[in-house]
file data-v8.tsv (TSV, C-alpha atoms)
chain	number	residue	atom	x	y	z
A	1	MET	CA	0.00	0.00	0.00
A	2	ASP	CA	1.12	3.54	-0.75
A	3	THR	CA	2.03	4.77	2.74
A	4	SER	CA	1.11	8.32	1.76
A	5	LEU	CA	-2.52	7.18	1.93
A	6	LEU	CA	-2.07	7.06	5.71
A	7	SER	CA	-0.85	10.63	5.92
A	8	GLN	CA	-2.82	12.80	8.31
A	9	GLU	CA	-3.23	15.48	5.67
A	10	ARG	CA	-4.82	13.21	3.08
A	11	LEU	CA	-7.06	11.46	5.58
A	12	SER	CA	-8.11	14.77	7.12
A	13	THR	CA	-8.97	16.12	3.67
A	14	LEU	CA	-11.12	13.07	3.02
A	15	GLU	CA	-12.84	13.35	6.39
A	16	ARG	CA	-13.62	17.04	5.89
A	17	ARG	CA	-15.04	16.33	2.44
A	18	LEU	CA	-17.31	13.55	3.71
A	19	GLY	CA	-18.28	15.53	6.79
A	20	SER	CA	-19.37	18.44	4.62
A	21	LEU	CA	-21.32	16.08	2.37
A	22	PHE	CA	-23.26	14.47	5.21
A	23	ARG	CA	-23.94	17.65	7.18
A	24	SER	CA	-25.90	18.99	4.22
A	25	GLN	CA	-28.24	15.99	4.02
A	26	PRO	CA	-31.83	15.83	5.35
A	27	PHE	CA	-31.11	12.51	7.11
A	28	SER	CA	-28.67	11.28	9.72
A	29	VAL	CA	-25.47	9.46	8.75
A	30	SER	CA	-22.98	7.36	10.69
A	31	TRP	CA	-19.86	6.19	8.92
A	32	SER	CA	-16.37	4.77	9.30
A	33	MET	CA	-13.45	4.24	6.93
A	34	VAL	CA	-10.29	2.23	7.65
A	35	PRO	CA	-7.32	2.33	5.27
A	36	ILE	CA	-5.86	-1.12	4.69
A	37	GLY	CA	-2.09	-1.29	4.80
A	38	GLY	CA	-1.26	-4.76	6.03
A	39	VAL	CA	-1.65	-3.92	9.73
A	40	VAL	CA	-3.95	-6.33	11.55
A	41	PRO	CA	-6.48	-4.56	13.80
A	42	THR	CA	-5.89	-5.97	17.26
A	43	GLY	CA	-8.62	-4.30	19.30
A	44	GLY	CA	-12.37	-4.44	19.12
A	45	ALA	CA	-14.51	-2.29	16.88
A	46	VAL	CA	-12.25	0.21	15.25
A	47	ALA	CA	-13.80	3.62	15.59
A	48	ALA	CA	-15.56	5.98	17.91
A	49	GLN	CA	-17.07	9.41	17.49
A	50	SER	CA	-15.99	12.04	15.05
A	51	VAL	CA	-12.32	12.83	15.22
A	52	GLY	CA	-12.71	16.30	13.83
A	53	ALA	CA	-9.94	17.32	11.48
A	54	ASP	CA	-7.52	14.60	12.55
A	55	ALA	CA	-7.39	10.95	11.62
A	56	ARG	CA	-7.41	8.80	14.70
A	57	SER	CA	-4.64	6.23	15.14
A	58	ILE	CA	-5.92	2.88	16.34
A	59	ALA	CA	-5.04	-0.80	16.56
A	60	GLY	CA	-1.31	-0.96	16.20
A	61	GLY	CA	-0.93	1.78	13.62
A	62	THR	CA	-4.07	1.42	11.50
A	63	HIS	CA	-5.91	4.70	11.00
A	64	VAL	CA	-9.63	5.32	10.96
A	65	ILE	CA	-11.84	8.28	10.18
A	66	GLY	CA	-15.57	8.66	10.61
A	67	ASP	CA	-18.44	10.29	12.40
A	68	TYR	CA	-20.96	8.77	14.84
A	69	ALA	CA	-19.37	5.43	13.96
A	70	ASP	CA	-20.50	3.88	17.26
A	71	ALA	CA	-24.16	4.82	16.78
A	72	VAL	CA	-26.24	1.63	16.98
A	73	VAL	CA	-28.42	1.25	13.89
A	74	PRO	CA	-30.46	-1.49	12.20
A	75	SER	CA	-28.13	-3.52	10.02
A	76	PHE	CA	-30.66	-4.93	7.57
A	77	SER	CA	-28.79	-6.83	4.85
A	78	THR	CA	-25.32	-5.50	5.63
A	79	ARG	CA	-25.39	-8.14	8.40
A	80	LYS	CA	-24.97	-10.78	5.69
A	81	VAL	CA	-21.23	-10.12	5.48
A	82	SER	CA	-20.81	-11.47	9.01
A	83	ILE	CA	-23.19	-14.37	8.27
A	84	LEU	CA	-21.10	-15.28	5.23
A	85	CYS	CA	-17.92	-15.17	7.31
A	86	ALA	CA	-19.49	-17.38	9.99
A	87	VAL	CA	-20.51	-20.01	7.44
A	88	LEU	CA	-17.08	-20.07	5.82
A	89	ALA	CA	-15.53	-20.48	9.28
A	90	LEU	CA	-17.75	-23.51	9.90
A	91	ALA	CA	-16.79	-24.92	6.50
A	92	ARG	CA	-13.10	-24.30	7.23
A	93	ALA	CA	-13.54	-26.19	10.51
A	94	GLY	CA	-15.14	-29.13	8.67
A	95	ARG	CA	-18.53	-28.71	10.36
A	96	LEU	CA	-20.47	-28.23	7.13
A	97	SER	CA	-19.91	-28.47	3.38
A	98	LEU	CA	-20.52	-25.78	0.81
A	99	ASP	CA	-21.63	-28.56	-1.56
A	100	GLN	CA	-24.48	-29.76	0.67
A	101	GLN	CA	-27.95	-29.50	-0.85
A	102	HIS	CA	-30.86	-27.46	0.49
A	103	THR	CA	-34.45	-27.46	-0.79
A	104	ILE	CA	-36.72	-24.42	-1.03
A	105	THR	CA	-40.16	-25.10	0.45
A	106	GLU	CA	-43.42	-23.15	0.40
A	107	ALA	CA	-42.76	-22.10	4.01
A	108	HIS	CA	-39.57	-20.33	2.95
A	109	HIS	CA	-41.61	-17.89	0.81
A	110	ASP	CA	-43.55	-16.47	3.76
A	111	GLY	CA	-42.81	-12.79	4.35
A	112	VAL	CA	-39.91	-12.64	1.90
A	113	GLN	CA	-39.57	-9.41	-0.09
A	114	ALA	CA	-35.91	-9.52	-1.15
A	115	GLY	CA	-34.27	-11.70	-3.78
A	116	ILE	CA	-35.25	-13.70	-6.82
A	117	MET	CA	-36.06	-17.09	-5.28
A	118	ARG	CA	-39.43	-15.82	-4.00
A	119	THR	CA	-40.60	-15.75	-7.64
A	120	LEU	CA	-39.74	-19.44	-8.17
A	121	SER	CA	-41.71	-22.54	-7.25
A	122	ALA	CA	-40.95	-24.62	-4.19
A	123	GLY	CA	-38.89	-27.77	-4.62
A	124	LEU	CA	-35.78	-26.15	-6.09
A	125	ASP	CA	-32.53	-27.65	-4.75
A	126	LEU	CA	-29.50	-25.40	-4.20
A	127	THR	CA	-26.04	-26.03	-2.84
A	128	LEU	CA	-25.01	-24.03	0.21
A	129	ALA	CA	-22.49	-22.25	-2.03
A	130	ASP	CA	-25.36	-21.23	-4.33
A	131	CYS	CA	-27.30	-19.95	-1.32
A	132	LEU	CA	-24.35	-17.83	-0.20
A	133	THR	CA	-23.99	-16.37	-3.69
A	134	GLN	CA	-27.64	-15.35	-3.86
A	135	MET	CA	-27.60	-14.06	-0.28
A	136	MET	CA	-24.76	-11.70	-1.16
A	137	CYS	CA	-25.43	-10.77	-4.79
A	138	THR	CA	-29.23	-10.38	-4.77
A	139	SER	CA	-29.74	-10.25	-0.97
A	140	ASP	CA	-32.10	-13.20	-1.34
A	141	ASN	CA	-33.88	-13.90	1.95
A	142	ILE	CA	-35.06	-17.37	1.01
A	143	CYS	CA	-31.41	-18.27	0.57
A	144	THR	CA	-30.61	-16.50	3.84
A	145	GLN	CA	-33.09	-18.80	5.59
A	146	LEU	CA	-31.40	-21.84	4.03
A	147	VAL	CA	-28.02	-20.53	5.19
A	148	PHE	CA	-29.29	-20.23	8.76
A	149	GLU	CA	-30.73	-23.74	8.54
A	150	ALA	CA	-27.28	-24.99	7.53
A	151	ILE	CA	-25.70	-23.18	10.47
A	152	GLY	CA	-28.32	-24.57	12.85
A	153	ALA	CA	-27.71	-28.12	11.63
A	154	ALA	CA	-23.95	-27.67	12.00
A	155	VAL	CA	-23.96	-26.25	15.51
A	156	GLY	CA	-27.05	-27.79	17.07
A	157	GLY	CA	-28.33	-30.75	15.10
A	158	GLU	CA	-30.92	-30.94	12.33
A	159	ALA	CA	-34.60	-30.17	12.80
A	160	ALA	CA	-36.84	-33.14	13.52
A	161	ASP	CA	-38.07	-34.98	10.43
A	162	GLY	CA	-39.65	-38.23	9.38
A	163	GLU	CA	-43.14	-39.74	9.23
A	164	THR	CA	-43.26	-40.54	12.95
A	165	VAL	CA	-42.63	-36.95	13.99
A	166	ASN	CA	-45.63	-34.63	14.12
A	167	GLU	CA	-45.71	-31.08	12.80
A	168	THR	CA	-45.51	-29.54	16.28
A	169	ALA	CA	-42.31	-31.44	17.04
A	170	ARG	CA	-40.78	-30.34	13.73
A	171	GLU	CA	-41.66	-26.71	14.42
A	172	THR	CA	-40.21	-26.91	17.93
A	173	ALA	CA	-37.00	-28.49	16.70
A	174	GLY	CA	-36.76	-25.94	13.88
A	175	ALA	CA	-37.20	-23.03	16.30
A	176	ALA	CA	-34.48	-24.46	18.55
A	177	ALA	CA	-32.10	-24.83	15.58
A	178	GLU	CA	-32.82	-21.24	14.57
A	179	ARG	CA	-31.98	-19.98	18.07
A	180	GLU	CA	-28.74	-21.94	18.07
A	181	ALA	CA	-27.83	-20.62	14.62
A	182	LEU	CA	-28.44	-17.02	15.72
A	183	GLN	CA	-26.41	-17.61	18.89
A	184	TYR	CA	-23.52	-19.00	16.88
A	185	VAL	CA	-23.50	-15.98	14.56
A	186	ASN	CA	-23.64	-13.65	17.57
A	187	ASP	CA	-20.77	-15.55	19.21
A	188	TYR	CA	-18.81	-15.34	15.97
A	189	CYS	CA	-19.31	-11.56	15.78
A	190	ALA	CA	-18.10	-11.23	19.39
A	191	TRP	CA	-15.03	-13.35	18.63
A	192	ALA	CA	-14.32	-11.11	15.62
A	193	GLY	CA	-14.43	-7.97	17.78
A	194	MET	CA	-17.84	-6.68	16.64
A	195	ARG	CA	-18.84	-5.63	20.12
A	196	SER	CA	-22.06	-3.78	19.23
A	197	THR	CA	-23.52	-6.16	16.65
A	198	LEU	CA	-26.52	-8.26	17.67
A	199	HIS	CA	-28.31	-10.70	15.33
A	200	ARG	CA	-31.92	-11.07	16.40
A	201	GLU	CA	-33.73	-12.57	13.42
A	202	VAL	CA	-33.09	-14.75	10.38
A	203	PHE	CA	-34.49	-11.99	8.16
A	204	PRO	CA	-36.44	-8.83	8.96
A	205	ARG	CA	-40.13	-8.98	8.09
A	206	THR	CA	-40.37	-5.35	7.06
A	207	GLY	CA	-43.72	-5.78	5.32
A	208	GLY	CA	-45.53	-5.26	8.63
A	209	LEU	CA	-43.48	-2.27	9.81
A	210	ALA	CA	-44.32	1.43	9.71
A	211	TRP	CA	-41.76	4.13	8.85
A	212	HIS	CA	-41.52	5.08	12.53
A	213	HIS	CA	-41.01	1.50	13.75
A	214	PRO	CA	-38.87	0.82	16.85
A	215	ILE	CA	-35.60	-1.04	16.38
A	216	ASP	CA	-36.32	-3.56	19.14
A	217	GLY	CA	-36.27	-7.02	17.59
A	218	LEU	CA	-34.15	-6.02	14.59
A	219	THR	CA	-30.52	-7.00	14.03
A	220	LEU	CA	-28.33	-4.09	15.13
A	221	THR	CA	-24.79	-2.99	14.31
A	222	THR	CA	-22.53	0.06	13.99
A	223	ALA	CA	-20.49	1.50	11.16
A	224	ALA	CA	-17.41	0.88	13.33
A	225	ASP	CA	-18.18	-2.83	13.68
A	226	GLN	CA	-18.75	-3.30	9.97
A	227	ALA	CA	-15.61	-1.40	8.98
A	228	HIS	CA	-13.65	-3.46	11.50
A	229	LEU	CA	-14.81	-6.76	9.99
A	230	LEU	CA	-14.20	-5.55	6.45
A	231	ALA	CA	-10.71	-4.36	7.38
A	232	LEU	CA	-9.90	-7.85	8.63
A	233	ILE	CA	-11.30	-9.37	5.42
A	234	GLY	CA	-9.40	-6.89	3.26
A	235	THR	CA	-6.13	-7.41	5.08
A	236	GLY	CA	-6.72	-11.16	5.15
A	237	ALA	CA	-7.09	-11.24	1.37
A	238	GLY	CA	-3.51	-10.17	0.85
A	239	GLU	CA	-0.24	-12.06	0.92
A	240	GLY	CA	2.23	-12.94	3.64
A	241	GLN	CA	1.97	-13.27	7.39
A	242	ALA	CA	-0.13	-10.13	7.85
A	243	ALA	CA	-2.83	-11.68	5.66
A	244	VAL	CA	-2.68	-15.02	7.45
A	245	SER	CA	-2.92	-13.30	10.85
A	246	ALA	CA	-5.87	-11.12	9.82
A	247	ALA	CA	-7.77	-14.05	8.32
A	248	ALA	CA	-7.09	-16.13	11.44
A	249	ARG	CA	-8.77	-13.43	13.56
A	250	ILE	CA	-12.02	-14.42	11.86
A	251	GLN	CA	-11.18	-18.16	11.72
A	252	LEU	CA	-10.50	-18.11	7.99
A	253	LEU	CA	-7.64	-18.43	5.53
A	254	PRO	CA	-6.64	-15.79	2.95
A	255	GLU	CA	-8.41	-17.73	0.19
A	256	ASP	CA	-11.65	-17.46	2.18
A	257	CYS	CA	-11.23	-13.69	2.43
A	258	ARG	CA	-10.66	-13.50	-1.30
A	259	ARG	CA	-13.81	-15.55	-1.85
A	260	ILE	CA	-15.80	-13.09	0.27
A	261	ILE	CA	-14.52	-10.17	-1.79
A	262	GLY	CA	-15.40	-12.01	-4.99
A	263	LEU	CA	-18.98	-12.49	-3.83
A	264	MET	CA	-19.27	-8.87	-2.76
A	265	ARG	CA	-18.05	-7.73	-6.18
A	266	GLY	CA	-21.05	-9.51	-7.70
A	267	ILE	CA	-23.66	-7.32	-5.98
A	268	TYR	CA	-26.55	-6.35	-8.25
A	269	THR	CA	-26.97	-2.89	-6.69
A	270	PRO	CA	-23.55	-1.23	-6.33
A	271	ARG	CA	-23.74	2.25	-4.85
A	272	LEU	CA	-20.28	3.19	-3.55
A	273	GLY	CA	-18.74	2.27	-6.89
A	274	ALA	CA	-21.55	3.67	-9.02
A	275	ALA	CA	-19.49	6.67	-10.22
A	276	THR	CA	-15.87	5.56	-9.77
A	277	THR	CA	-13.51	4.78	-12.66
A	278	ARG	CA	-10.03	4.59	-11.09
A	279	ILE	CA	-11.00	2.21	-8.30
A	280	SER	CA	-13.84	-0.25	-7.74
A	281	PHE	CA	-15.78	-1.51	-4.73
A	282	ALA	CA	-16.81	-4.87	-3.33
A	283	GLU	CA	-20.09	-4.02	-1.59
A	284	LYS	CA	-23.12	-5.13	0.38
A	285	ASN	CA	-26.24	-3.03	0.77
A	286	GLY	CA	-28.92	-2.74	3.42
A	287	ARG	CA	-32.47	-1.45	3.02
A	288	GLY	CA	-35.19	-0.59	5.53
A	289	LEU	CA	-38.27	1.63	5.46
A	290	ARG	CA	-36.33	4.69	6.65
A	291	SER	CA	-32.81	3.28	6.36
A	292	LEU	CA	-30.27	2.67	3.63
A	293	SER	CA	-26.74	1.44	4.14
A	294	GLN	CA	-23.73	0.45	2.11
A	295	VAL	CA	-20.59	-1.30	3.34
A	296	GLY	CA	-17.64	-2.44	1.31
A	297	LEU	CA	-13.99	-2.54	0.35
A	298	ALA	CA	-12.38	-0.04	-2.01
A	299	LEU	CA	-10.19	-1.97	-4.49
A	300	ASP	CA	-7.33	-0.83	-6.70
A	301	VAL	CA	-7.08	-1.72	-10.40
A	302	HIS	CA	-5.59	-5.09	-9.47
A	303	GLY	CA	-8.45	-5.88	-7.10
A	304	MET	CA	-6.37	-5.36	-3.95
A	305	PRO	CA	-8.18	-3.76	-1.00
A	306	LEU	CA	-7.36	-0.14	-0.22
A	307	ALA	CA	-9.89	0.69	2.49
A	308	ALA	CA	-12.91	-0.62	4.36
A	309	VAL	CA	-15.94	1.66	4.50
A	310	ALA	CA	-19.35	1.50	6.14
A	311	VAL	CA	-22.08	4.14	5.75
A	312	TYR	CA	-25.52	4.08	7.42
A	313	ALA	CA	-28.24	6.61	6.55
A	314	GLU	CA	-31.20	6.82	8.94
A	315	THR	CA	-34.51	8.73	9.23
A	316	ILE	CA	-34.60	9.19	5.47
A	317	PRO	CA	-37.65	11.28	4.52
A	318	THR	CA	-40.05	9.65	2.11
A	319	ALA	CA	-39.70	12.68	-0.16
A	320	LEU	CA	-37.74	15.92	-0.37
A	321	PRO	CA	-39.51	19.32	-0.55
A	322	ASP	CA	-39.28	19.23	-4.36
A	323	GLY	CA	-41.00	15.85	-4.45
A	324	VAL	CA	-37.90	13.81	-5.27
A	325	PRO	CA	-37.83	10.54	-3.23
A	326	GLY	CA	-35.57	10.84	-0.20
A	327	ARG	CA	-33.83	7.61	-1.15
A	328	ASN	CA	-32.54	9.26	-4.32
A	329	ALA	CA	-30.57	11.74	-2.20
A	330	VAL	CA	-29.04	8.83	-0.26
A	331	PHE	CA	-28.00	7.00	-3.41
A	332	THR	CA	-26.36	10.18	-4.67
A	333	ALA	CA	-24.54	10.60	-1.35
A	334	PHE	CA	-23.30	7.00	-1.44
A	335	ALA	CA	-21.88	7.59	-4.92
A	336	GLU	CA	-20.16	10.74	-3.65
A	337	VAL	CA	-18.59	8.70	-0.84
A	338	GLY	CA	-17.11	6.40	-3.46
A	339	ARG	CA	-15.77	9.32	-5.48
A	340	ALA	CA	-14.23	10.92	-2.40
A	341	ILE	CA	-12.45	7.69	-1.50
A	342	GLU	CA	-11.31	7.38	-5.10
A	343	ASP	CA	-9.77	10.87	-4.97
A	344	TRP	CA	-8.05	9.95	-1.69
A	345	ALA	CA	-6.69	6.67	-3.07
A	346	VAL	CA	-5.86	7.70	-6.64
A	347	PRO	CA	-5.67	11.50	-6.92
A	348	VAL	CA	-5.97	13.07	-10.33
A	349	VAL	CA	-2.63	14.64	-11.22
A	350	ILE	CA	-2.89	17.71	-13.40
A	351	ALA	CA	0.31	18.42	-15.30
call {"tool": "encode", "arguments": {"input": "data-v8.tsv", "output": "structure tokens"}}
result
Amino acid sequence: MDTSLLSQERLSTLERRLGSLFRSQPFSVSWSMVPIGGVVPTGGAVAAQSVGADARSIAGGTHVIGDYADAVVPSFSTRKVSILCAVLALARAGRLSLDQQHTITEAHHDGVQAGIMRTLSAGLDLTLADCLTQMMCTSDNICTQLVFEAIGAAVGGEAADGETVNETARETAGAAAEREALQYVNDYCAWAGMRSTLHREVFPRTGGLAWHHPIDGLTLTTAADQAHLLALIGTGAGEGQAAVSAAARIQLLPEDCRRIIGLMRGIYTPRLGAATTRISFAEKNGRGLRSLSQVGLALDVHGMPLAAVAVYAETIPTALPDGVPGRNAVFTAFAEVGRAIEDWAVPVVIA
């Protein structure tokens, strides 16, 4: 990594630019960005409140900038990065196989609004690897359910089945497996240093929520936690001992980290990289009734990680005074975040 990217001047310039961008918005924003330079974060979540004009040095020399990065917010689908990591850790430990088959049932369609599998008939068989791909690329919540079922079977035993078992017993066993799967993912996040992340449901049933809904019962996280995890993934995807050490922090190997980045590059709705040309992004999005979020890794032209970034927009108005949907302003802001990081990483040199 170009060590000049860690200079206080360049990071401070980036932080001022993003701070000015977000202060002008009609919604609240929490965000964190961690440059990746081969230094393994050794603490917990990597950021705190705004650091004003100065980049804050953390975790053995790694730098972080951000604002309200410890604000607890609904994670929505950005939580799927940690779920993906947890599954790959189980596979690496030999507790499940990415080739195992899972079948979509009619019950899996109930309440699902995200993804493409809800438009298909029950009975389709997918490998766990296929489920992970759809969970990340299209945010498919049928596949997310199948992923949690795989976790539950790996950590707590399979749900009851067979002709001699009644429906009540199957439902009870399935609920127990779901609780154990959620507990494993929460334990995994704690092991990874994501101190403020709490998985509470397999997928959020937003169809019954109002714009002003409480966040009790939803999966919660912070921009700091997400940037921390992504920094470990980004560092772990490199070469040498620093990569091995970072990947080991999340119970993975460097090839697992590279697989994660590959899946995140396949997202169908890129926002951070929507307007960049000199760098690209591996991303995951999140969407709620009044919330939009984007987390990801900035990548150089060779696909090597440059920085981890997490941005959460909350209390987004349904419309702006001119009638434009409030979400449009968020999407524009996310694209501006990507362009600002691009200018930090690869400045335009005018002769």
call {"tool": "atom_distance", "arguments": {"input": "data-v8.tsv", "atom1": "atom CA of A:Leu84", "atom2": "atom CA of A:Ala227"}}
result
15.4 Å
call {"tool": "closest_residue", "arguments": {"input": "data-v8.tsv", "among": "A:Met117, A:Ala345, A:Ala192, A:Met264", "to": "A:Arg10", "atoms": "only C-alpha atoms"}}
result
A:Ala345
call {"tool": "closest_atom_pairs", "arguments": {"input": "data-v8.tsv", "of": "stretch 89-165 of chain A", "to": "stretch 78-83 of chain A", "cutoff": "12 Å", "atoms": "only C-alpha atoms", "output": "JSON lines"}}
result
{"residue": "A:Ala89", "atom": "CA", "partner": "A:Ile83", "partner_atom": "CA", "distance": 9.9}
{"residue": "A:Leu90", "atom": "CA", "partner": "A:Ile83", "partner_atom": "CA", "distance": 10.8}
{"residue": "A:Cys131", "atom": "CA", "partner": "A:Lys80", "partner_atom": "CA", "distance": 11.8}
{"residue": "A:Leu132", "atom": "CA", "partner": "A:Lys80", "partner_atom": "CA", "distance": 9.2}
{"residue": "A:Thr133", "atom": "CA", "partner": "A:Lys80", "partner_atom": "CA", "distance": 11.0}
{"residue": "A:Gln134", "atom": "CA", "partner": "A:Lys80", "partner_atom": "CA", "distance": 10.9}
{"residue": "A:Met135", "atom": "CA", "partner": "A:Lys80", "partner_atom": "CA", "distance": 7.3}
{"residue": "A:Met136", "atom": "CA", "partner": "A:Lys80", "partner_atom": "CA", "distance": 6.9}
{"residue": "A:Cys137", "atom": "CA", "partner": "A:Lys80", "partner_atom": "CA", "distance": 10.5}
{"residue": "A:Thr138", "atom": "CA", "partner": "A:Lys80", "partner_atom": "CA", "distance": 11.3}
{"residue": "A:Ser139", "atom": "CA", "partner": "A:Lys80", "partner_atom": "CA", "distance": 8.2}
{"residue": "A:Asp140", "atom": "CA", "partner": "A:Lys80", "partner_atom": "CA", "distance": 10.3}
{"residue": "A:Asn141", "atom": "CA", "partner": "A:Lys80", "partner_atom": "CA", "distance": 10.2}
{"residue": "A:Cys143", "atom": "CA", "partner": "A:Lys80", "partner_atom": "CA", "distance": 11.1}
{"residue": "A:Thr144", "atom": "CA", "partner": "A:Lys80", "partner_atom": "CA", "distance": 8.2}
{"residue": "A:Gln145", "atom": "CA", "partner": "A:Ile83", "partner_atom": "CA", "distance": 11.2}
{"residue": "A:Leu146", "atom": "CA", "partner": "A:Ile83", "partner_atom": "CA", "distance": 11.9}
{"residue": "A:Val147", "atom": "CA", "partner": "A:Ile83", "partner_atom": "CA", "distance": 8.4}
{"residue": "A:Phe148", "atom": "CA", "partner": "A:Ile83", "partner_atom": "CA", "distance": 8.5}
{"residue": "A:Ala150", "atom": "CA", "partner": "A:Ile83", "partner_atom": "CA", "distance": 11.4}
{"residue": "A:Ile151", "atom": "CA", "partner": "A:Ile83", "partner_atom": "CA", "distance": 9.4}
call {"tool": "closest_residue", "arguments": {"input": "data-v8.tsv", "among": "A:Ile341, A:Leu252, A:Val64, A:Val73", "to": "A:Val87", "atoms": "all atoms listed in the file"}}
result
A:Leu252
call {"tool": "closest_residue", "arguments": {"input": "data-v8.tsv", "among": "A:Pro26, A:Gly234, A:Arg259, A:Glu180", "to": "A:Thr318", "atoms": "all atoms listed in the file"}}
result
A:Pro26
call {"tool": "atom_distance", "arguments": {"input": "data-v8.tsv", "atom1": "atom CA of A:Gln226", "atom2": "atom CA of A:Tyr68"}}
result
13.2 Å
call {"tool": "closest_residue", "arguments": {"input": "data-v8.tsv", "among": "A:Arg290, A:His228, A:Arg271, A:His302", "to": "A:Thr332", "atoms": "all atoms listed in the file"}}
result
A:Arg271
call {"tool": "closest_residue", "arguments": {"input": "data-v8.tsv", "among": "A:Leu182, A:Val337, A:Ala308, A:Cys85", "to": "A:Arg249", "atoms": "all atoms listed in the file"}}
result
A:Cys85
call {"tool": "residues_around", "arguments": {"input": "data-v8.tsv", "residues": "A:His109", "least_positions_apart": "3", "cutoff": "12 Å", "atoms": "all atoms listed in the file", "output": "PDB file with C-alpha atoms, keeping the file's coordinate frame"}}
result
ATOM      1  CA  ILE A 104     -36.720 -24.420  -1.030  1.00  0.00           C
ATOM      2  CA  THR A 105     -40.160 -25.100   0.450  1.00  0.00           C
ATOM      3  CA  GLU A 106     -43.420 -23.150   0.400  1.00  0.00           C
ATOM      4  CA  VAL A 112     -39.910 -12.640   1.900  1.00  0.00           C
ATOM      5  CA  GLN A 113     -39.570  -9.410  -0.090  1.00  0.00           C
ATOM      6  CA  ALA A 114     -35.910  -9.520  -1.150  1.00  0.00           C
ATOM      7  CA  GLY A 115     -34.270 -11.700  -3.780  1.00  0.00           C
ATOM      8  CA  ILE A 116     -35.250 -13.700  -6.820  1.00  0.00           C
ATOM      9  CA  MET A 117     -36.060 -17.090  -5.280  1.00  0.00           C
ATOM     10  CA  ARG A 118     -39.430 -15.820  -4.000  1.00  0.00           C
ATOM     11  CA  THR A 119     -40.600 -15.750  -7.640  1.00  0.00           C
ATOM     12  CA  LEU A 120     -39.740 -19.440  -8.170  1.00  0.00           C
ATOM     13  CA  SER A 121     -41.710 -22.540  -7.250  1.00  0.00           C
ATOM     14  CA  ALA A 122     -40.950 -24.620  -4.190  1.00  0.00           C
ATOM     15  CA  GLY A 123     -38.890 -27.770  -4.620  1.00  0.00           C
ATOM     16  CA  ASP A 140     -32.100 -13.200  -1.340  1.00  0.00           C
ATOM     17  CA  ASN A 141     -33.880 -13.900   1.950  1.00  0.00           C
ATOM     18  CA  ILE A 142     -35.060 -17.370   1.010  1.00  0.00           C
ATOM     19  CA  CYS A 143     -31.410 -18.270   0.570  1.00  0.00           C
ATOM     20  CA  THR A 144     -30.610 -16.500   3.840  1.00  0.00           C
ATOM     21  CA  GLN A 145     -33.090 -18.800   5.590  1.00  0.00           C
ATOM     22  CA  LEU A 146     -31.400 -21.840   4.030  1.00  0.00           C
ATOM     23  CA  PHE A 203     -34.490 -11.990   8.160  1.00  0.00           C
ATOM     24  CA  ARG A 205     -40.130  -8.980   8.090  1.00  0.00           C
TER      25      ARG A 205
END
call {"tool": "closest_residue", "arguments": {"input": "data-v8.tsv", "among": "A:Pro254, A:Gly156, A:Gly193, A:Gly286", "to": "A:Ala176", "atoms": "only C-alpha atoms"}}
result
A:Gly156
call {"tool": "residues_near_point", "arguments": {"input": "data-v8.tsv", "point": "(-11.9, -14.7, 12.5)", "cutoff": "12 Å", "atoms": "all atoms listed in the file", "output": "ChimeraX atom specification"}}
result
/A:40-42,82,84-90,92-93,185,187-194,228-233,235-236,243-254,256-257
call {"tool": "atom_distance", "arguments": {"input": "data-v8.tsv", "atom1": "atom CA of A:Leu14", "atom2": "atom CA of A:Ile267"}}
result
25.6 Å
call {"tool": "axis_aligned_box", "arguments": {"input": "data-v8.tsv", "around": "stretch 213-229 of chain A", "padding_each_side": "8 Å", "output": "JSON"}}
result
{"center_x": -27.3, "center_y": -2.8, "center_z": 14.1, "size_x": 43.4, "size_y": 24.5, "size_z": 26.2}
